[in-house]
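Peer 1: I'm passing along data_37.cif; it holds mmCIF, C-alpha atoms and all ligand atoms.
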```cif
data_protein
loop_
_atom_site.label_atom_id
_atom_site.label_comp_id
_atom_site.auth_asym_id
_atom_site.auth_seq_id
_atom_site.Cartn_x
_atom_site.Cartn_y
_atom_site.Cartn_z
CA MET M 564 125.93 184.99 73.72
CA GLU M 565 122.17 184.69 74.07
CA HIS M 566 122.22 182.29 71.15
CA LEU M 567 124.94 180.16 72.68
CA PHE M 568 123.01 180.02 75.95
CA SER M 569 119.88 178.71 74.30
CA TYR M 570 121.91 176.21 72.31
CA TYR M 571 123.51 174.75 75.44
CA THR M 572 120.16 174.67 77.20
CA GLN M 573 118.74 172.69 74.29
CA VAL M 574 121.57 170.17 74.49
CA ILE M 575 121.18 169.79 78.26
CA PHE M 576 117.40 169.52 78.07
CA LEU M 577 117.53 166.91 75.33
CA SER M 578 120.18 164.91 77.20
CA PHE M 579 118.04 164.91 80.34
CA ILE M 580 115.01 163.60 78.44
CA ILE M 581 117.03 160.69 77.08
CA ILE M 582 119.09 159.93 80.22
CA ASN M 583 116.01 160.04 82.49
CA HIS M 584 114.17 157.71 80.20
CA LEU M 585 116.99 155.17 80.07
CA PHE M 586 117.46 155.39 83.82
CA GLU M 587 113.77 154.86 84.57
CA VAL M 588 113.65 151.85 82.27
CA TYR M 589 116.78 150.55 84.03
CA LEU M 590 115.11 150.93 87.44
CA SER M 591 111.99 149.19 86.22
CA ARG M 592 114.01 146.28 84.85
CA ARG M 593 115.92 145.97 88.11
CA GLN M 594 112.61 145.68 89.91
CA VAL M 595 111.36 143.01 87.48
CA THR M 596 114.59 141.04 88.03
CA ALA M 597 114.33 141.33 91.81
CA LEU M 598 110.74 140.07 91.70
CA GLU M 599 111.65 137.18 89.37
CA ARG M 600 114.43 136.14 91.73
CA HIS M 601 111.96 135.67 94.58
CA ARG M 602 109.28 133.97 92.53
CA THR M 603 109.88 130.43 93.75
CA GLU M 604 109.82 131.14 97.47
CA VAL M 605 108.03 133.35 100.00
CA PRO M 606 110.69 135.05 102.14
CA GLN M 607 110.88 133.24 105.46
CA GLU M 608 109.58 136.20 107.52
CA PHE M 609 106.29 136.15 105.62
CA ALA M 610 105.89 132.42 105.14
CA SER M 611 103.26 132.03 107.85
CA ASN M 612 101.08 134.91 106.58
CA ILE M 613 101.41 134.76 102.80
CA SER M 614 100.94 131.61 100.73
CA LEU M 615 103.15 130.83 97.75
CA ALA M 616 100.12 131.24 95.48
CA ASP M 617 99.39 134.74 96.86
CA HIS M 618 103.08 135.64 96.62
CA GLN M 619 103.27 134.55 92.99
CA ARG M 620 100.07 136.35 92.13
CA ALA M 621 101.53 139.54 93.64
CA ILE M 622 104.71 139.13 91.61
CA ALA M 623 102.78 138.47 88.41
CA TYR M 624 100.60 141.55 89.03
CA ALA M 625 103.56 143.82 89.85
CA THR M 626 105.51 142.54 86.84
CA ALA M 627 102.56 143.14 84.52
CA LYS M 628 102.29 146.71 85.83
CA LEU M 629 106.03 147.28 85.42
CA ARG M 630 106.01 145.99 81.85
CA LEU M 631 103.07 148.22 80.98
CA GLY M 632 104.93 151.02 82.76
CA GLN M 633 107.98 150.52 80.54
CA TRP M 634 105.87 151.07 77.43
CA LYS M 635 104.34 154.08 79.09
CA LEU M 636 107.79 155.52 79.88
CA PHE M 637 108.68 155.12 76.23
CA TRP M 638 105.46 156.84 75.21
CA GLU M 639 106.00 159.71 77.65
CA ALA M 640 109.57 160.29 76.52
CA GLY M 641 108.27 160.35 72.94
CA LEU M 642 105.64 162.93 73.89
CA LEU M 643 108.21 165.15 75.59
CA LEU M 644 110.33 164.97 72.45
CA TYR M 645 107.31 165.83 70.36
CA TRP M 646 106.14 168.76 72.46
CA PHE M 647 109.52 170.39 72.91
CA PRO M 648 112.45 169.41 70.63
CA LEU M 649 110.06 168.73 67.73
CA ARG M 650 108.26 171.98 68.56
CA GLY M 651 104.76 170.55 68.95
CA ALA M 652 104.06 173.01 71.78
CA GLU M 653 105.28 175.96 69.74
CA LYS M 654 103.07 174.95 66.81
CA LEU M 655 100.09 174.65 69.12
CA TYR M 656 100.75 178.10 70.58
CA VAL M 657 101.07 179.73 67.17
CA ALA M 658 97.99 177.97 65.79
CA LEU M 659 95.55 179.22 68.44
CA PRO M 660 93.39 182.03 67.00
CA PHE M 661 93.09 184.09 70.17
CA VAL M 662 94.78 187.20 71.53
CA ASP M 663 96.04 188.48 74.88
CA LEU M 664 95.18 186.59 78.04
CA HIS M 665 92.67 184.44 76.16
CA LYS M 666 95.46 183.02 74.06
CA GLU M 667 97.54 182.13 77.11
CA VAL M 668 94.64 180.42 78.86
CA ALA M 669 93.50 178.67 75.65
CA PHE M 670 97.06 177.42 75.11
CA LEU M 671 97.22 175.69 78.48
CA ILE M 672 93.70 174.30 78.13
CA ALA M 673 94.44 172.97 74.64
CA PHE M 674 97.70 171.41 75.80
CA THR M 675 96.01 169.73 78.77
CA ALA M 676 93.12 168.51 76.61
CA VAL M 677 95.42 166.97 74.00
CA GLN M 678 97.56 165.30 76.69
CA MET M 679 94.47 163.90 78.36
CA LEU M 680 93.00 162.52 75.15
CA ILE M 681 96.15 160.83 73.96
CA ASN M 682 96.82 159.36 77.39
CA LEU M 683 93.28 158.01 77.70
CA PRO M 684 94.09 154.60 76.12
CA TRP M 685 96.60 153.97 78.93
CA ALA M 686 94.00 154.58 81.58
CA ILE M 687 91.46 152.40 79.74
CA TYR M 688 93.95 149.58 79.28
CA GLY M 689 95.18 149.83 82.88
CA THR M 690 91.67 149.67 84.31
CA PHE M 691 89.75 147.37 81.99
CA VAL M 692 92.53 145.00 80.97
CA LEU M 693 95.26 144.89 83.60
CA GLU M 694 93.26 145.50 86.79
CA GLU M 695 90.47 143.37 85.36
CA ARG M 696 92.80 140.45 84.68
CA PHE M 697 93.88 140.36 88.31
CA GLY M 698 90.32 140.72 89.56
CA PHE M 699 90.66 144.22 91.02
CA ASN M 700 88.55 146.28 88.69
CA ARG M 701 85.00 147.16 89.68
CA LEU M 702 84.60 150.18 87.40
CA THR M 703 81.98 150.01 84.70
CA PRO M 704 82.67 151.93 81.49
CA ARG M 705 79.77 154.17 82.49
CA LEU M 706 81.27 155.09 85.86
CA PHE M 707 84.68 155.49 84.21
CA ILE M 708 83.23 158.10 81.84
CA ILE M 709 81.25 159.83 84.60
CA ASP M 710 84.41 160.07 86.74
CA ARG M 711 86.34 161.61 83.87
CA LEU M 712 83.59 164.12 83.14
CA LYS M 713 83.38 165.15 86.79
CA GLY M 714 87.15 165.57 86.84
CA LEU M 715 87.00 167.73 83.72
CA ALA M 716 84.19 169.88 85.12
CA LEU M 717 86.09 170.43 88.38
CA GLY M 718 89.29 171.19 86.48
CA ALA M 719 87.50 173.80 84.38
CA LEU M 720 85.60 175.28 87.34
CA PHE M 721 88.74 175.84 89.41
CA GLY M 722 91.44 175.91 86.74
CA ILE M 723 90.17 178.49 84.26
CA PRO M 724 89.51 181.34 86.74
CA LEU M 725 92.84 180.56 88.42
CA LEU M 726 94.73 180.78 85.12
CA TYR M 727 93.09 184.09 84.22
CA THR M 728 93.99 185.46 87.64
CA LEU M 729 97.62 184.33 87.42
CA PHE M 730 98.12 185.70 83.90
CA TYR M 731 96.43 188.94 84.86
CA ILE M 732 98.88 189.28 87.72
CA PHE M 733 101.75 188.51 85.35
CA VAL M 734 100.90 191.33 82.94
CA THR M 735 99.83 193.99 85.45
CA THR M 736 102.03 193.64 88.54
CA GLY M 737 105.55 194.43 87.30
CA PRO M 738 108.80 192.76 88.41
CA TRP M 739 107.34 191.36 91.66
CA TRP M 740 104.49 189.58 89.88
CA TRP M 741 105.88 186.21 90.97
CA VAL M 742 105.47 187.00 94.66
CA VAL M 743 101.82 187.97 94.17
CA ALA M 744 101.23 184.93 91.94
CA PHE M 745 102.82 182.70 94.56
CA LEU M 746 100.56 184.10 97.29
CA VAL M 747 97.43 183.70 95.17
CA LEU M 748 98.29 180.13 94.17
CA THR M 749 99.15 179.23 97.77
CA GLY M 750 95.86 180.58 99.06
CA PHE M 751 94.08 178.65 96.36
CA GLN M 752 95.89 175.40 97.19
CA LEU M 753 95.19 175.72 100.91
CA PHE M 754 91.56 176.33 100.06
CA LEU M 755 91.48 173.13 97.97
CA VAL M 756 93.18 171.00 100.65
CA TRP M 757 90.63 172.29 103.12
CA LEU M 758 87.70 171.82 100.71
CA TYR M 759 88.72 168.39 99.41
CA PRO M 760 87.54 166.04 102.21
CA THR M 761 84.09 167.57 102.69
CA VAL M 762 83.18 168.86 99.23
CA ILE M 763 85.28 167.33 96.43
CA ALA M 764 85.86 163.75 97.60
CA PRO M 765 82.10 163.24 98.29
CA LEU M 766 81.42 164.01 94.61
CA PHE M 767 83.12 160.71 93.81
CA ASN M 768 82.41 158.53 96.87
CA LYS M 769 80.06 158.14 99.80
CA PHE M 770 81.53 158.69 103.26
CA THR M 771 79.84 157.28 106.33
CA PRO M 772 81.03 157.44 109.95
CA LEU M 773 82.90 154.31 110.95
CA GLU M 774 80.59 152.22 113.08
CA GLY M 775 79.97 148.69 114.26
CA GLU M 776 78.93 147.25 117.61
CA GLU M 777 82.26 145.91 118.69
CA LEU M 778 84.40 148.53 117.04
CA LYS M 779 82.71 151.70 118.12
CA ASP M 780 83.73 151.94 121.76
CA LYS M 781 87.28 150.87 121.10
CA ILE M 782 87.65 153.35 118.27
CA GLU M 783 86.26 156.16 120.37
CA ALA M 784 88.67 155.34 123.20
CA LEU M 785 91.65 155.22 120.83
CA VAL M 786 90.69 158.38 118.97
CA GLN M 787 90.15 160.34 122.17
CA ARG M 788 93.38 159.10 123.70
CA ALA M 789 95.18 160.42 120.63
CA GLY M 790 93.43 163.76 121.05
CA PHE M 791 91.01 163.59 118.15
CA ASN M 792 87.31 163.38 117.64
CA ALA M 793 85.57 160.12 116.73
CA ARG M 794 83.48 162.05 114.20
CA GLU M 795 86.67 162.37 112.16
CA VAL M 796 86.80 158.67 111.21
CA PHE M 797 85.00 157.66 108.01
CA VAL M 798 84.40 154.71 105.73
CA MET M 799 84.49 155.28 101.97
CA ASP M 800 82.70 153.08 99.42
CA ALA M 801 85.90 152.41 97.47
CA SER M 802 84.48 149.08 96.34
CA ARG M 803 82.54 150.99 93.67
CA ARG M 804 85.74 151.28 91.67
CA SER M 805 88.19 148.64 92.76
CA SER M 806 88.76 145.93 95.32
CA HIS M 807 92.08 147.43 96.45
CA GLY M 808 92.01 148.26 100.14
CA ASN M 809 93.60 151.24 101.87
CA ALA M 810 93.28 153.90 104.53
CA TYR M 811 94.38 157.53 104.43
CA PHE M 812 94.34 160.79 106.35
CA THR M 813 93.48 164.13 104.81
CA GLY M 814 92.48 167.76 105.31
CA PHE M 815 93.32 170.12 108.12
CA GLY M 816 91.51 172.17 110.76
CA LYS M 817 87.82 171.38 110.78
CA THR M 818 88.00 169.12 107.73
CA LYS M 819 90.72 166.74 108.86
CA ARG M 820 89.75 163.08 108.90
CA VAL M 821 90.89 159.48 108.65
CA VAL M 822 89.26 157.48 105.87
CA PHE M 823 89.03 153.70 105.60
CA PHE M 824 88.20 151.97 102.33
CA ASP M 825 85.26 149.61 102.84
CA THR M 826 87.34 147.05 100.93
CA LEU M 827 89.94 147.14 103.69
CA LEU M 828 87.52 146.84 106.59
CA ARG M 829 85.99 143.65 105.23
CA ASP M 830 89.22 141.72 105.68
CA LEU M 831 90.42 143.06 109.02
CA LYS M 832 89.84 141.98 112.59
CA VAL M 833 88.96 144.59 115.22
CA GLY M 834 92.51 144.79 116.56
CA GLU M 835 93.91 145.27 113.06
CA VAL M 836 91.47 148.09 112.29
CA LEU M 837 92.52 149.79 115.52
CA ALA M 838 96.21 149.39 114.72
CA ILE M 839 95.84 150.85 111.23
CA LEU M 840 93.65 153.65 112.57
CA ALA M 841 96.37 154.36 115.15
CA HIS M 842 98.92 154.55 112.32
CA GLU M 843 96.78 157.12 110.46
CA LEU M 844 96.16 159.06 113.68
CA GLY M 845 99.94 159.02 114.12
CA HIS M 846 100.30 160.87 110.82
CA MET M 847 97.87 163.50 112.07
CA LYS M 848 99.30 163.73 115.56
CA LEU M 849 102.80 164.16 114.16
CA ARG M 850 101.47 166.91 111.90
CA HIS M 851 102.55 165.28 108.68
CA ILE M 852 100.03 167.21 106.57
CA PRO M 853 101.13 170.70 107.73
CA LYS M 854 104.78 169.62 107.49
CA SER M 855 104.46 168.51 103.88
CA LEU M 856 102.43 171.63 103.11
CA ILE M 857 105.26 173.81 104.42
CA THR M 858 107.86 171.91 102.38
CA SER M 859 105.79 172.15 99.24
CA LEU M 860 105.18 175.87 99.85
CA MET M 861 108.91 176.50 100.14
CA LEU M 862 109.55 174.57 96.93
CA SER M 863 106.75 176.42 95.21
CA PHE M 864 108.22 179.75 96.37
CA LEU M 865 111.55 178.72 94.90
CA GLY M 866 109.79 177.77 91.66
CA PHE M 867 108.05 181.13 91.42
CA TRP M 868 111.26 182.99 92.15
CA LEU M 869 112.88 181.06 89.31
CA MET M 870 109.93 181.89 87.07
CA GLY M 871 110.30 185.56 87.93
CA THR M 872 113.99 185.37 87.08
CA LEU M 873 113.56 183.51 83.81
CA ALA M 874 110.32 185.12 82.59
CA GLN M 875 112.02 187.67 80.32
CA GLN M 876 115.03 185.58 79.24
CA ASN M 877 114.65 184.68 75.58
CA TRP M 878 117.29 181.96 75.83
CA PHE M 879 115.19 180.09 78.39
CA TYR M 880 112.24 179.80 76.00
CA ALA M 881 114.37 179.06 72.95
CA GLY M 882 116.43 176.63 75.04
CA HIS M 883 113.26 174.57 75.49
CA PHE M 884 112.32 174.89 71.83
CA ILE M 885 109.60 177.54 71.98
CA ARG M 886 110.42 180.92 70.50
CA ALA M 887 107.35 182.74 71.87
CA VAL M 888 108.03 184.62 75.12
CA SER M 889 104.71 184.53 76.93
CA PRO M 890 103.25 183.74 80.37
CA GLY M 891 101.36 180.70 79.02
CA VAL M 892 104.59 179.24 77.63
CA LEU M 893 106.40 180.03 80.87
CA PHE M 894 103.76 178.15 82.90
CA LEU M 895 103.85 175.22 80.49
CA LEU M 896 107.63 174.97 80.71
CA PHE M 897 107.50 175.02 84.50
CA SER M 898 104.68 172.52 84.76
CA GLN M 899 105.87 170.09 82.06
CA ALA M 900 109.37 170.52 80.72
CA LEU M 901 111.21 171.24 83.95
CA SER M 902 110.11 167.93 85.49
CA VAL M 903 113.04 166.37 83.65
CA TYR M 904 115.38 168.25 85.99
CA THR M 905 113.35 167.72 89.16
CA PHE M 906 113.26 163.96 88.62
CA TRP M 907 116.66 163.55 90.25
CA PRO M 908 115.83 164.89 93.73
CA THR M 909 112.69 162.67 93.97
CA PRO M 910 114.40 160.01 96.14
CA LEU M 911 114.77 162.71 98.80
CA GLY M 912 111.01 163.25 98.94
CA ALA M 913 110.40 159.49 98.99
CA TRP M 914 112.93 159.16 101.82
CA ILE M 915 111.14 161.79 103.93
CA SER M 916 107.84 160.05 103.28
CA ARG M 917 109.26 156.66 104.32
CA ARG M 918 110.63 158.18 107.53
CA ARG M 919 107.15 159.49 108.32
CA GLU M 920 105.72 156.02 107.83
CA PHE M 921 108.14 154.71 110.44
CA GLU M 922 107.12 157.53 112.79
CA ALA M 923 103.43 156.72 112.31
CA ASP M 924 104.17 153.03 112.86
CA ALA M 925 105.99 153.88 116.10
CA PHE M 926 103.00 155.91 117.23
CA ALA M 927 100.67 153.03 116.36
CA ALA M 928 102.87 150.56 118.21
CA LYS M 929 102.36 152.59 121.37
CA GLU M 930 98.64 153.32 120.96
CA ALA M 931 97.65 149.89 119.64
CA ARG M 932 99.21 146.45 119.47
CA PRO M 933 102.21 146.17 117.12
CA GLU M 934 101.28 142.52 116.45
CA ASP M 935 97.96 143.74 115.07
CA LEU M 936 99.64 146.32 112.86
CA ILE M 937 101.92 143.64 111.44
CA SER M 938 99.08 141.26 110.66
CA GLY M 939 96.94 144.13 109.31
CA LEU M 940 99.77 145.29 107.05
CA LEU M 941 100.38 141.79 105.77
CA LYS M 942 96.69 141.46 104.94
CA LEU M 943 96.95 144.72 103.03
CA TYR M 944 99.90 143.36 101.07
CA ARG M 945 98.10 140.11 100.38
CA GLU M 946 94.73 141.55 99.39
CA ASN M 947 96.27 144.23 97.20
CA ALA M 948 98.68 141.73 95.63
CA SER M 949 101.63 143.97 96.56
CA PRO M 950 104.86 142.00 96.57
CA VAL M 951 106.67 141.89 99.91
CA VAL M 952 110.01 141.92 98.07
CA THR M 953 111.58 144.81 96.16
CA ASP M 954 114.77 146.05 94.55
CA ARG M 955 116.47 148.52 96.88
CA LEU M 956 117.37 151.16 94.32
CA TYR M 957 113.91 151.03 92.78
CA SER M 958 112.40 151.40 96.22
CA HIS M 959 114.63 154.39 97.01
CA PHE M 960 113.32 156.23 93.97
CA TYR M 961 109.65 155.42 93.94
CA HIS M 962 108.36 154.04 97.21
CA SER M 963 106.60 156.39 99.60
CA HIS M 964 106.33 153.46 102.05
CA PRO M 965 109.25 151.43 103.44
CA PRO M 966 109.73 147.85 102.23
CA ALA M 967 107.49 145.40 104.11
CA LEU M 968 110.42 143.64 105.70
CA GLU M 969 111.90 146.83 107.21
CA ARG M 970 108.57 147.94 108.61
CA ILE M 971 107.88 144.58 110.18
CA ARG M 972 111.36 144.26 111.66
CA ARG M 973 110.97 147.61 113.37
CA LEU M 974 107.54 146.69 114.67
CA GLU M 975 108.94 143.46 116.03
CA LEU M 976 111.40 145.50 118.06
CA PHE M 977 108.43 147.09 119.78
CA ILE M 978 107.00 143.70 120.58
CA LYS M 979 110.30 142.70 122.17
CA GLY M 980 110.45 146.08 123.90
CA GLU M 981 113.88 146.79 122.44
CA THR M 982 113.23 150.32 121.27
CA ARG M 983 111.85 153.59 122.50
CA LYS M 984 110.93 155.39 119.32
CA GLY M 985 110.97 152.72 116.65
CA LEU M 986 114.44 153.84 115.63
CA PRO M 987 116.82 151.02 116.58
ZN ZN L 1 101.12 155.85 106.58
#
```
I need this file expressed as structure tokens, please.
Ligand SMILES: [Zn+2]

Peer 2:
Amino acid sequence: MEHLFSYYTQVIFLSFIIINHLFEVYLSRRQVTALERHRTEVPQEFASNISLADHQRAIAYATAKLRLGQWKLFWEAGLLLYWFPLRGAEKLYVALPFVDLHKEVAFLIAFTAVQMLINLPWAIYGTFVLEERFGFNRLTPRLFIIDRLKGLALGALFGIPLLYTLFYIFVTTGPWWWVVAFLVLTGFQLFLVWLYPTVIAPLFNKFTPLEGEELKDKIEALVQRAGFNAREVFVMDASRRSSHGNAYFTGFGKTKRVVFFDTLLRDLKVGEVLAILAHELGHMKLRHIPKSLITSLMLSFLGFWLMGTLAQQNWFYAGHFIRAVSPGVLFLLFSQALSVYTFWPTPLGAWISRRREFEADAFAAKEARPEDLISGLLKLYRENASPVVTDRLYSHFYHSHPPALERIRRLELFIKGETRKGLP
């Protein structure tokens, strides 16, 4: 019976790897086709803001990324096949000359290190060839290496003690270990979210308060009206690494803040900065960070419960092609192998995220001028060479932001005064 179970799991797992891969390539090709179809003409709604040359550059850039992405999908499917069905992970586990908890920790470190090394060429190519070709890259090889080393050091500093703690809990706590492990990991994650804006992000970038003669008063008025503190608005020197522009909100409690990329500010008029700031403040006002934290905590609880249930089931390990029953293997399976099953609900998460963008837009339309948000957004699209057209199915799966056209149509309703909440 046990044997039959693991056999069926193997068949299902293997089928998922292959089906997911084919489906993702299919989505990517659909997107390439949709972009090609619009190559000769800027959609009418954007014609006054985006030139044909900018439009075609955006399509060429997106297509180049998609084509690289297709090779990467192929590579990643190959890796999954290597690690699991071809038993690469099992061989790695057996080969490590450690015992007890050290072996479990070493296994996850070794796996992560190998993955990072063999994926490095993709990052190098993406940055120094693709981004470079389209004029976005500002990273020097030196800074690229320094960034990686800092990332590694942080990963080791936080990751290794965390792994020891989790495995210690696993072997000492009995059948309810997963509840304790969940609580410890949750506390740790909250700590990181809180720490990130003020301690971790500044290791990579400089943050200065957003200032400027004309801007300052208006920003202060807007920020106070929305119930925040003007000291929570920062500019980040993103131009050190790339000329892509953006803005984001992060942290909670005392560390929450809105961050503008300096690359974005250069291109925007005062009104557009205010409108985009209002959008980000909308995310904070509508509590989007705590809401996503709660969702991810519930999912994580479910994951730990499942871990607790499957931890001693031999068929589960054998079903994913590793015969060793150990906490390190269990964590690896949950962090790597099981993503093939969780791929399918991803459109749901993307849908929630797109709804929140609409909510933040609606907030911005009330606190600032919707016309300014539209022109600011279109500048973002243009400067980042993001195409304003997309394939619908592709967008449903991958896009955390609604298609440009939908966002702008809703904002136009505000201008005409035809909606109360941005939901026509
Ligand atoms: Zn947003």

Peer 1: Counting all atoms listed in the file, what are the residues, protein, DNA or RNA alike, that approach ligand ZN 1 (chain L) to within 9 Å? I want them as a ChimeraX atom specification.

Peer 2: /M:810-812,839,842-843,845-846,916-917,919-924,963-964

Peer 1: Could you list, as a JSON list (two decimals) with C-alpha atoms, in the frame of the given file, every residue within 12 Å of Leu693 of chain M, counting only C-alpha atoms and ignoring same-chain residues fewer than 4 positions away?

Peer 2:
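Done, and the output landed in around_18.json:
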```json
[["chain", "number", "residue", "atom", "x", "y", "z"],
["M", 623, "ALA", "CA", 102.78, 138.47, 88.41],
["M", 624, "TYR", "CA", 100.60, 141.55, 89.03],
["M", 625, "ALA", "CA", 103.56, 143.82, 89.85],
["M", 626, "THR", "CA", 105.51, 142.54, 86.84],
["M", 627, "ALA", "CA", 102.56, 143.14, 84.52],
["M", 628, "LYS", "CA", 102.29, 146.71, 85.83],
["M", 629, "LEU", "CA", 106.03, 147.28, 85.42],
["M", 630, "ARG", "CA", 106.01, 145.99, 81.85],
["M", 631, "LEU", "CA", 103.07, 148.22, 80.98],
["M", 632, "GLY", "CA", 104.93, 151.02, 82.76],
["M", 685, "TRP", "CA", 96.60, 153.97, 78.93],
["M", 686, "ALA", "CA", 94.00, 154.58, 81.58],
["M", 687, "ILE", "CA", 91.46, 152.40, 79.74],
["M", 688, "TYR", "CA", 93.95, 149.58, 79.28],
["M", 689, "GLY", "CA", 95.18, 149.83, 82.88],
["M", 697, "PHE", "CA", 93.88, 140.36, 88.31],
["M", 698, "GLY", "CA", 90.32, 140.72, 89.56],
["M", 699, "PHE", "CA", 90.66, 144.22, 91.02],
["M", 700, "ASN", "CA", 88.55, 146.28, 88.69]]
```

Peer 1: Under the rule that only C-alpha atoms are counted, which of M:Gly808, M:Leu577, M:Leu827, M:Gln876 is the nearest residue to Trp646 of chain M?

Peer 2: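 Closest candidate: M:Leu577.
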
Peer 1: Taking 4 positions as the minimum chain separation for residues in the same chain, which residues sit within 9 Å of segment 925-927 of chain M when counting all atoms listed in the file? Answer as a list in words.

Peer 2: Leu837, Ala838, Ile839, Leu840, Ala841, His842, Glu843, Leu844, Gly845, His846, Lys848, Leu849, Glu920, Phe921, Ala931, Arg932, Pro933, Leu936, Arg973, Leu974, Phe977, Arg983, Lys984, Gly985 and Leu986 of chain M

Peer 1: Taking all atoms listed in the file into account, produce a table as JSON lines in which each residue of segment 784-861 of chain M with an atom at most 9 Å from an atom of segment 747-767 of chain M appears once, together with its shortest atom pair and the distance in Å to one decimal, ordered by chain and rising number.

Peer 2:
```
{"residue": "M:Thr813", "atom": "CA", "partner": "M:Pro760", "partner_atom": "CA", "distance": 6.8}
{"residue": "M:Gly814", "atom": "CA", "partner": "M:Trp757", "partner_atom": "CA", "distance": 5.4}
{"residue": "M:Phe815", "atom": "CA", "partner": "M:Trp757", "partner_atom": "CA", "distance": 6.1}
{"residue": "M:Gly816", "atom": "CA", "partner": "M:Trp757", "partner_atom": "CA", "distance": 7.7}
{"residue": "M:Lys817", "atom": "CA", "partner": "M:Trp757", "partner_atom": "CA", "distance": 8.2}
{"residue": "M:Thr818", "atom": "CA", "partner": "M:Trp757", "partner_atom": "CA", "distance": 6.2}
{"residue": "M:Lys819", "atom": "CA", "partner": "M:Pro760", "partner_atom": "CA", "distance": 7.4}
{"residue": "M:Arg820", "atom": "CA", "partner": "M:Pro760", "partner_atom": "CA", "distance": 7.6}
{"residue": "M:Leu856", "atom": "CA", "partner": "M:Leu753", "partner_atom": "CA", "distance": 8.6}
{"residue": "M:Leu860", "atom": "CA", "partner": "M:Thr749", "partner_atom": "CA", "distance": 7.2}
```

Peer 1: List the spatial neighbours of Phe730 of chain M as a list in words - criterion: any atom at most 9 Å away, only C-alpha atoms, same-chain residues fewer than 3 positions off excluded.

Peer 2: Leu664, Glu667, Val668, Leu725, Leu726, Tyr727, Phe733, Val734, Thr735, Ala744, Pro890 and Gly891 of chain M

Peer 1: Write out as a list of chain:residue names which residues come within 12 Å of Arg803 of chain M when counting only C-alpha atoms, dropping same-chain ones fewer than 3 positions away.

Peer 2: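 So, after excluding close chain neighbours, the residues are M:Phe699, M:Asn700, M:Arg701, M:Leu702, M:Thr703, M:Arg705, M:Leu706, M:Phe707, M:Asp710, M:Phe767, M:Asn768, M:Lys769, M:Met799, M:Asp800, M:Ser806, M:His807, M:Gly808, M:Phe824, M:Asp825, M:Thr826.
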
Peer 1: Report as a CSV table (one decimal) with C-alpha atoms, in the frame of the given file all protein, DNA and RNA residues lying within 12 Å of Tyr656 of chain M, evaluated on only C-alpha atoms, omitting residues in the same chain fewer than 2 positions from it.

Peer 2:
```csv
chain,number,residue,atom,x,y,z
M,646,TRP,CA,106.1,168.8,72.5
M,647,PHE,CA,109.5,170.4,72.9
M,650,ARG,CA,108.3,172.0,68.6
M,651,GLY,CA,104.8,170.6,69.0
M,652,ALA,CA,104.1,173.0,71.8
M,653,GLU,CA,105.3,176.0,69.7
M,654,LYS,CA,103.1,175.0,66.8
M,658,ALA,CA,98.0,178.0,65.8
M,659,LEU,CA,95.6,179.2,68.4
M,660,PRO,CA,93.4,182.0,67.0
M,661,PHE,CA,93.1,184.1,70.2
M,662,VAL,CA,94.8,187.2,71.5
M,665,HIS,CA,92.7,184.4,76.2
M,666,LYS,CA,95.5,183.0,74.1
M,667,GLU,CA,97.5,182.1,77.1
M,668,VAL,CA,94.6,180.4,78.9
M,669,ALA,CA,93.5,178.7,75.6
M,670,PHE,CA,97.1,177.4,75.1
M,671,LEU,CA,97.2,175.7,78.5
M,672,ILE,CA,93.7,174.3,78.1
M,673,ALA,CA,94.4,173.0,74.6
M,674,PHE,CA,97.7,171.4,75.8
M,885,ILE,CA,109.6,177.5,72.0
M,886,ARG,CA,110.4,180.9,70.5
M,887,ALA,CA,107.4,182.7,71.9
M,888,VAL,CA,108.0,184.6,75.1
M,889,SER,CA,104.7,184.5,76.9
M,890,PRO,CA,103.2,183.7,80.4
M,891,GLY,CA,101.4,180.7,79.0
M,892,VAL,CA,104.6,179.2,77.6
M,893,LEU,CA,106.4,180.0,80.9
M,895,LEU,CA,103.8,175.2,80.5
```

Peer 1: Rounded to one decimal place, report the atom CA of Thr858 of chain M-atom CA of Phe906 of chain M distance in Å.

Peer 2: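 For atom CA of Thr858 of chain M relative to atom CA of Phe906 of chain M, the distance reads 16.8 Å.
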
Peer 1: Taking into account all atoms listed in the file, which residue in the set M:Thr572, M:Ser611, M:Asn682, M:Thr736 is nearest to Glu639 of chain M?

Peer 2: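 Using all atoms listed in the file, Glu639 of chain M sits closest to M:Asn682.
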
Peer 1: Identify the residues within 6 Å of coordinate (99.1, 140.9, 114.8) (same frame as the file), considering all atoms listed in the file, and give the answer as a ChimeraX atom specification.

Peer 2: /M:934-938

Peer 1: In Å, with one decimal, what is the gap from atom CA of His962 of chain M to atom CA of Leu683 of chain M?

Peer 2: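 Taking atom CA of His962 of chain M as the start and atom CA of Leu683 of chain M as the end point, the length is 25.0 Å.
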
Peer 1: Quote the spacing between atom CA of Val903 of chain M and atom CA of His851 of chain M in Å to one decimal place.

Peer 2: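 Atom-to-atom, atom CA of Val903 of chain M and atom CA of His851 of chain M are spaced 27.2 Å apart.
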
Peer 1: With 5 Å on each side, where is the centre of the axis-aligned box around all listed atoms of segment 704-717 of chain M, and how long are its edges in Å to one decimal, as JSON?

Peer 2:
```
{"center_x": 83.5, "center_y": 161.2, "center_z": 84.9, "size_x": 17.4, "size_y": 28.5, "size_z": 16.9}
```

Peer 1: Considering all atoms listed in the file, state which residue in the set M:Gly790, M:Pro965, M:Gly939, M:Gly882 is at the smallest distance from Leu567 of chain M.

Peer 2: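 Among the listed residues, the smallest separation from Leu567 of chain M belongs to M:Gly882.
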